[in-house]
Protein chains: 2
Amino acid sequence: MKGEIDYSLYLCTDRGLMTSATIEESVEAAVRGGATVVQLREKDCSSREFYELGLRVREITARYGVPLFVNDRADIALAVGADGVHVGQSDLPCRAVRAIAPGMLVGVSASSLAEAVQAERDGADYLGVGAMFATGTKTDAAIVSMEELEAIRRAVSIPIVVIGGINKQTIPAFRGKGIDGAAVVSAIVAQPDPEAAARELLQLWKS
Amino acid sequence: MKGEIDYSLYLCTDRGLMTSATIEESVEAAVRGGATVVQLREKDCSSREFYELGLRVREITARYGVPLFVNDRADIALAVGADGVHVGQSDLPCRAVRAIAPGMLVGVSASSLAEAVQAERDGADYLGVGAMFATGTKTDAAIVSMEELEAIRRAVSIPIVVIGGINKQTIPAFRGKGIDGAAVVSAIVAQPDPEAAARELLQLWKS
């Protein structure tokens, strides 16, 4: 799928925040509403559960033609046939993931210009830049200023997805800044109607 | 290294129990004392820390010619160039590890005859059978009776390493039972002199 990814509306799962009964329902509602990428992020379950969930979510994203990234676990990404791996600064280094999973897309989280430049140098396919705003999902994340985001945009040529406090109120702040997508967690999964929420966010992002 | 592993004294690391200042020191003392296999087991650190530690431990085990297994994380095993992965019943299935890491040895934990037979069928290279005795390391582990161990030994042909409460007091219980090795945690890493402890355990196992 390399080179053809539409990063516009990038869903990150969160079983702790979701209104749906299962991750699968949460993901399916989001992609029906228009989420263009799904990242499966599971920190509090066993590897076996993560793997089995990954297989089920892979089936859903494949059916809708949406790329699937797995957070942190390159082995689970490989085992479920995901399109890519997303790594933070505390996860496996981008180069290590490339070495063990040559065909995979690799996204890297960056919260500074230095991290962003390094990630591009390491061969990242896209950046997740944030947290842009304070958020309940990641309370310890550094806040990236709009000026730093603009400096990152000037410095790297790979796609940038903004993350952290992205919702319908904050999306307009990114207009005209050359950002490729909005990564959201609670603005979709925590809404009473995740499908409608995704649809509204995608329209707002594209407008 | 396939097919030539000496499982006699199988060290599992545990940074919470070790008397050494670092995992590296703990591992080096154990292999100097005669540990024949090392399994790196890290549940409470970031993937990046696990990876970087794995690289350093890989350097030590390679220097002593001792095979290195990584617990649970096939991606980290691949990234650090370990010899194998050890998976429990809540980790990636053996077959999934085989598929993504074809050259790796795969060990599987089994605490019953059914799990042991299934693991061999799935292509496991060896079994870790236990917990044989109550242990402070894994307080929720099921106890495997000596009768069940003997039934497992009769049912499978792959090497068996016993684990859980294995120490100099309990090792004699396995004499003449066709078991290939003793996996130990605290009986080495928690001792005042891990090297001497490993030496004594190996002598006892081989006697």
# chains A, B, ... in the order shown; residues from 1 in each chain; ligands from 1
$ residues_around --residues "B:Tyr7" --least-positions-apart "3" --cutoff "9 Å" --atoms "only C-alpha atoms" --output "ChimeraX atom specification"
/B:10,35-37,159-161,180-183
$ interface_residues --of "chain A" --to "chain B" --cutoff "12 Å" --atoms "only C-alpha atoms" --output "PyMOL selection string"
chain A and resi 43-55+71-81+85+87-102
$ write_last_selection --atoms "N, CA and C atoms" --output "short mmCIF file (atom, residue, chain, number, x, y, z; two decimals), in the first residue's frame"
data_model
loop_
_atom_site.label_atom_id
_atom_site.label_comp_id
_atom_site.auth_asym_id
_atom_site.auth_seq_id
_atom_site.Cartn_x
_atom_site.Cartn_y
_atom_site.Cartn_z
N LYS A 43 -2.33 -1.46 25.05
CA LYS A 43 -1.23 -1.52 26.01
C LYS A 43 -1.54 -2.46 27.18
N ASP A 44 -2.80 -2.75 27.39
CA ASP A 44 -3.15 -3.48 28.61
C ASP A 44 -3.80 -4.83 28.36
N CYS A 45 -3.32 -5.54 27.36
CA CYS A 45 -3.83 -6.90 27.19
C CYS A 45 -2.65 -7.79 26.84
N SER A 46 -2.87 -9.08 26.91
CA SER A 46 -1.78 -10.01 26.61
C SER A 46 -1.46 -9.97 25.12
N SER A 47 -0.28 -10.47 24.78
CA SER A 47 0.12 -10.54 23.37
C SER A 47 -0.86 -11.39 22.58
N ARG A 48 -1.35 -12.46 23.20
CA ARG A 48 -2.29 -13.34 22.50
C ARG A 48 -3.59 -12.61 22.17
N GLU A 49 -4.10 -11.87 23.16
CA GLU A 49 -5.34 -11.10 22.92
C GLU A 49 -5.12 -10.04 21.83
N PHE A 50 -3.97 -9.35 21.91
CA PHE A 50 -3.64 -8.32 20.93
C PHE A 50 -3.60 -8.94 19.53
N TYR A 51 -2.96 -10.09 19.44
CA TYR A 51 -2.83 -10.81 18.15
C TYR A 51 -4.21 -11.21 17.62
N GLU A 52 -5.03 -11.79 18.48
CA GLU A 52 -6.34 -12.27 18.02
C GLU A 52 -7.24 -11.10 17.62
N LEU A 53 -7.16 -10.03 18.41
CA LEU A 53 -7.89 -8.82 18.06
C LEU A 53 -7.38 -8.26 16.73
N GLY A 54 -6.08 -8.28 16.56
CA GLY A 54 -5.47 -7.79 15.31
C GLY A 54 -5.98 -8.55 14.10
N LEU A 55 -6.11 -9.85 14.23
CA LEU A 55 -6.63 -10.66 13.11
C LEU A 55 -8.06 -10.24 12.76
N ASN A 71 0.33 -0.48 16.74
CA ASN A 71 1.19 0.32 17.60
C ASN A 71 2.25 -0.54 18.28
N ASP A 72 3.49 -0.11 18.16
CA ASP A 72 4.60 -0.68 18.93
C ASP A 72 5.05 -2.07 18.51
N ARG A 73 4.13 -3.02 18.41
CA ARG A 73 4.48 -4.44 18.24
C ARG A 73 4.65 -4.81 16.77
N ALA A 74 5.89 -4.78 16.30
CA ALA A 74 6.17 -5.17 14.92
C ALA A 74 5.85 -6.64 14.69
N ASP A 75 6.04 -7.47 15.73
CA ASP A 75 5.75 -8.90 15.56
C ASP A 75 4.27 -9.13 15.34
N ILE A 76 3.44 -8.40 16.08
CA ILE A 76 2.00 -8.57 15.91
C ILE A 76 1.56 -8.00 14.56
N ALA A 77 2.16 -6.88 14.16
CA ALA A 77 1.86 -6.32 12.83
C ALA A 77 2.15 -7.36 11.75
N LEU A 78 3.31 -7.99 11.84
CA LEU A 78 3.68 -9.03 10.86
C LEU A 78 2.73 -10.22 10.94
N ALA A 79 2.44 -10.64 12.15
CA ALA A 79 1.64 -11.86 12.32
C ALA A 79 0.21 -11.70 11.83
N VAL A 80 -0.35 -10.49 11.94
CA VAL A 80 -1.74 -10.29 11.49
C VAL A 80 -1.81 -9.76 10.06
N GLY A 81 -0.65 -9.51 9.45
CA GLY A 81 -0.65 -9.00 8.08
C GLY A 81 -1.09 -7.55 8.00
N VAL A 85 3.56 -0.44 11.03
CA VAL A 85 3.80 -0.37 12.46
C VAL A 85 3.94 1.11 12.81
N VAL A 87 5.56 3.48 15.70
CA VAL A 87 6.43 3.46 16.88
C VAL A 87 6.60 4.84 17.49
N GLY A 88 6.58 4.87 18.81
CA GLY A 88 6.88 6.09 19.54
C GLY A 88 8.36 6.14 19.86
N GLN A 89 8.76 7.16 20.59
CA GLN A 89 10.18 7.32 20.92
C GLN A 89 10.64 6.29 21.95
N SER A 90 9.71 5.62 22.62
CA SER A 90 10.08 4.58 23.59
C SER A 90 9.87 3.18 23.04
N ASP A 91 9.57 3.09 21.75
CA ASP A 91 9.35 1.78 21.14
C ASP A 91 10.61 1.37 20.36
N LEU A 92 10.51 0.29 19.61
CA LEU A 92 11.63 -0.10 18.76
C LEU A 92 12.01 1.05 17.84
N PRO A 93 13.30 1.26 17.61
CA PRO A 93 13.70 2.31 16.67
C PRO A 93 13.20 1.99 15.25
N CYS A 94 12.91 3.03 14.51
CA CYS A 94 12.43 2.88 13.13
C CYS A 94 13.33 1.97 12.32
N ARG A 95 14.64 2.16 12.43
CA ARG A 95 15.58 1.35 11.63
C ARG A 95 15.50 -0.12 12.00
N ALA A 96 15.26 -0.42 13.28
CA ALA A 96 15.15 -1.82 13.71
C ALA A 96 13.89 -2.44 13.12
N VAL A 97 12.80 -1.68 13.10
CA VAL A 97 11.56 -2.19 12.51
C VAL A 97 11.76 -2.44 11.02
N ARG A 98 12.36 -1.49 10.33
CA ARG A 98 12.67 -1.66 8.90
C ARG A 98 13.44 -2.95 8.66
N ALA A 99 14.42 -3.20 9.53
CA ALA A 99 15.30 -4.36 9.32
C ALA A 99 14.55 -5.69 9.45
N ILE A 100 13.60 -5.74 10.39
CA ILE A 100 12.93 -7.02 10.61
C ILE A 100 11.63 -7.14 9.83
N ALA A 101 11.14 -6.02 9.30
CA ALA A 101 9.86 -6.02 8.57
C ALA A 101 9.99 -5.13 7.34
N PRO A 102 10.81 -5.56 6.38
CA PRO A 102 11.19 -4.70 5.25
C PRO A 102 10.00 -4.18 4.42
#
$ closest_residue --among "B:Val189, B:Ala114, B:Ile171, B:Leu127" --to "B:Arg15" --atoms "only C-alpha atoms"
B:Val189
$ residues_around --residues "B:Ile163" --least-positions-apart "4" --cutoff "8 Å" --atoms "only C-alpha atoms" --output "CSV table (one decimal) with N, CA and C atoms, in the first residue's frame"
chain,number,residue,atom,x,y,z
B,128,GLY,N,8.9,-25.5,28.1
B,128,GLY,CA,9.1,-25.1,29.5
B,128,GLY,C,7.9,-25.6,30.3
B,129,VAL,N,8.1,-26.6,31.1
B,129,VAL,CA,7.0,-27.2,31.8
B,129,VAL,C,7.0,-26.8,33.3
B,130,GLY,N,5.9,-26.3,33.8
B,130,GLY,CA,5.8,-25.8,35.1
B,130,GLY,C,4.6,-25.0,35.3
B,131,ALA,N,4.4,-24.4,36.5
B,131,ALA,CA,5.4,-24.4,37.5
B,131,ALA,C,5.4,-25.7,38.3
B,132,MET,N,6.6,-26.2,38.5
B,132,MET,CA,6.7,-27.5,39.2
B,132,MET,C,6.5,-27.4,40.7
B,182,ALA,N,17.0,-27.6,33.6
B,182,ALA,CA,16.3,-26.9,34.7
B,182,ALA,C,16.3,-25.4,34.4
B,183,ALA,N,15.2,-24.8,34.4
B,183,ALA,CA,15.1,-23.3,34.2
B,183,ALA,C,15.0,-22.7,35.6
B,184,VAL,N,15.9,-21.7,35.8
B,184,VAL,CA,15.9,-21.1,37.2
B,184,VAL,C,15.9,-19.6,37.0
$ closest_residue --among "A:Ala187, A:Val156, A:Thr135, A:Met146" --to "A:Arg175" --atoms "only C-alpha atoms"
A:Met146
$ residues_around --residues "B:Val144" --least-positions-apart "4" --cutoff "12 Å" --atoms "only C-alpha atoms" --output "number ranges by chain"
B: 109-113, 115-116, 128-134, 148-152, 162-165
$ write_last_selection --atoms "N, CA and C atoms" --output "mmCIF file, in the first residue's frame"
data_model
loop_
_atom_site.group_PDB
_atom_site.id
_atom_site.type_symbol
_atom_site.label_atom_id
_atom_site.label_comp_id
_atom_site.auth_asym_id
_atom_site.auth_seq_id
_atom_site.Cartn_x
_atom_site.Cartn_y
_atom_site.Cartn_z
ATOM 1 N N SER B 109 5.746 -22.509 26.811
ATOM 2 C CA SER B 109 5.406 -22.907 28.176
ATOM 3 C C SER B 109 4.184 -23.807 28.160
ATOM 4 N N ALA B 110 4.241 -24.869 28.932
ATOM 5 C CA ALA B 110 3.093 -25.769 29.030
ATOM 6 C C ALA B 110 2.904 -26.139 30.493
ATOM 7 N N SER B 111 1.662 -26.101 30.938
ATOM 8 C CA SER B 111 1.423 -26.493 32.324
ATOM 9 C C SER B 111 0.457 -27.669 32.406
ATOM 10 N N SER B 112 0.265 -28.338 31.256
ATOM 11 C CA SER B 112 -0.581 -29.532 31.252
ATOM 12 C C SER B 112 -0.169 -30.411 30.082
ATOM 13 N N LEU B 113 -0.596 -31.649 30.130
ATOM 14 C CA LEU B 113 -0.320 -32.592 29.045
ATOM 15 C C LEU B 113 -0.903 -32.086 27.731
ATOM 16 N N GLU B 115 -1.530 -28.992 26.760
ATOM 17 C CA GLU B 115 -0.745 -27.874 26.219
ATOM 18 C C GLU B 115 0.579 -28.364 25.642
ATOM 19 N N ALA B 116 1.165 -29.342 26.297
ATOM 20 C CA ALA B 116 2.455 -29.860 25.845
ATOM 21 C C ALA B 116 2.322 -30.554 24.486
ATOM 22 N N GLY B 128 8.854 -25.515 28.092
ATOM 23 C CA GLY B 128 9.115 -25.124 29.466
ATOM 24 C C GLY B 128 7.923 -25.611 30.269
ATOM 25 N N VAL B 129 8.117 -26.629 31.096
ATOM 26 C CA VAL B 129 6.996 -27.233 31.818
ATOM 27 C C VAL B 129 7.022 -26.801 33.284
ATOM 28 N N GLY B 130 5.921 -26.266 33.750
ATOM 29 C CA GLY B 130 5.820 -25.818 35.138
ATOM 30 C C GLY B 130 4.557 -25.019 35.335
ATOM 31 N N ALA B 131 4.411 -24.378 36.462
ATOM 32 C CA ALA B 131 5.385 -24.381 37.533
ATOM 33 C C ALA B 131 5.395 -25.727 38.269
ATOM 34 N N MET B 132 6.616 -26.249 38.509
ATOM 35 C CA MET B 132 6.744 -27.520 39.198
ATOM 36 C C MET B 132 6.495 -27.384 40.699
ATOM 37 N N PHE B 133 6.879 -26.236 41.236
ATOM 38 C CA PHE B 133 6.693 -25.975 42.673
ATOM 39 C C PHE B 133 6.196 -24.542 42.832
ATOM 40 N N ALA B 134 5.600 -24.246 43.954
ATOM 41 C CA ALA B 134 5.167 -22.875 44.221
ATOM 42 C C ALA B 134 6.402 -21.983 44.200
ATOM 43 N N GLU B 148 2.145 -35.699 36.106
ATOM 44 C CA GLU B 148 1.828 -35.041 34.831
ATOM 45 C C GLU B 148 3.110 -34.809 34.031
ATOM 46 N N LEU B 149 4.175 -34.426 34.725
ATOM 47 C CA LEU B 149 5.459 -34.245 34.037
ATOM 48 C C LEU B 149 5.888 -35.545 33.351
ATOM 49 N N GLU B 150 5.728 -36.636 34.064
ATOM 50 C CA GLU B 150 6.116 -37.938 33.486
ATOM 51 C C GLU B 150 5.231 -38.283 32.277
ATOM 52 N N ALA B 151 3.955 -37.935 32.379
ATOM 53 C CA ALA B 151 3.044 -38.181 31.246
ATOM 54 C C ALA B 151 3.446 -37.317 30.046
ATOM 55 N N ILE B 152 3.854 -36.083 30.325
ATOM 56 C CA ILE B 152 4.303 -35.199 29.243
ATOM 57 C C ILE B 152 5.567 -35.777 28.607
ATOM 58 N N VAL B 162 12.239 -27.995 32.945
ATOM 59 C CA VAL B 162 11.286 -27.765 34.043
ATOM 60 C C VAL B 162 11.530 -26.381 34.636
ATOM 61 N N ILE B 163 10.455 -25.759 35.078
ATOM 62 C CA ILE B 163 10.566 -24.396 35.615
ATOM 63 C C ILE B 163 9.609 -24.217 36.785
ATOM 64 N N GLY B 164 9.957 -23.313 37.676
ATOM 65 C CA GLY B 164 9.083 -23.000 38.801
ATOM 66 C C GLY B 164 9.550 -23.661 40.076
ATOM 67 N N GLY B 165 10.271 -22.910 40.885
ATOM 68 C CA GLY B 165 10.743 -23.457 42.144
ATOM 69 C C GLY B 165 11.893 -24.432 41.999
#
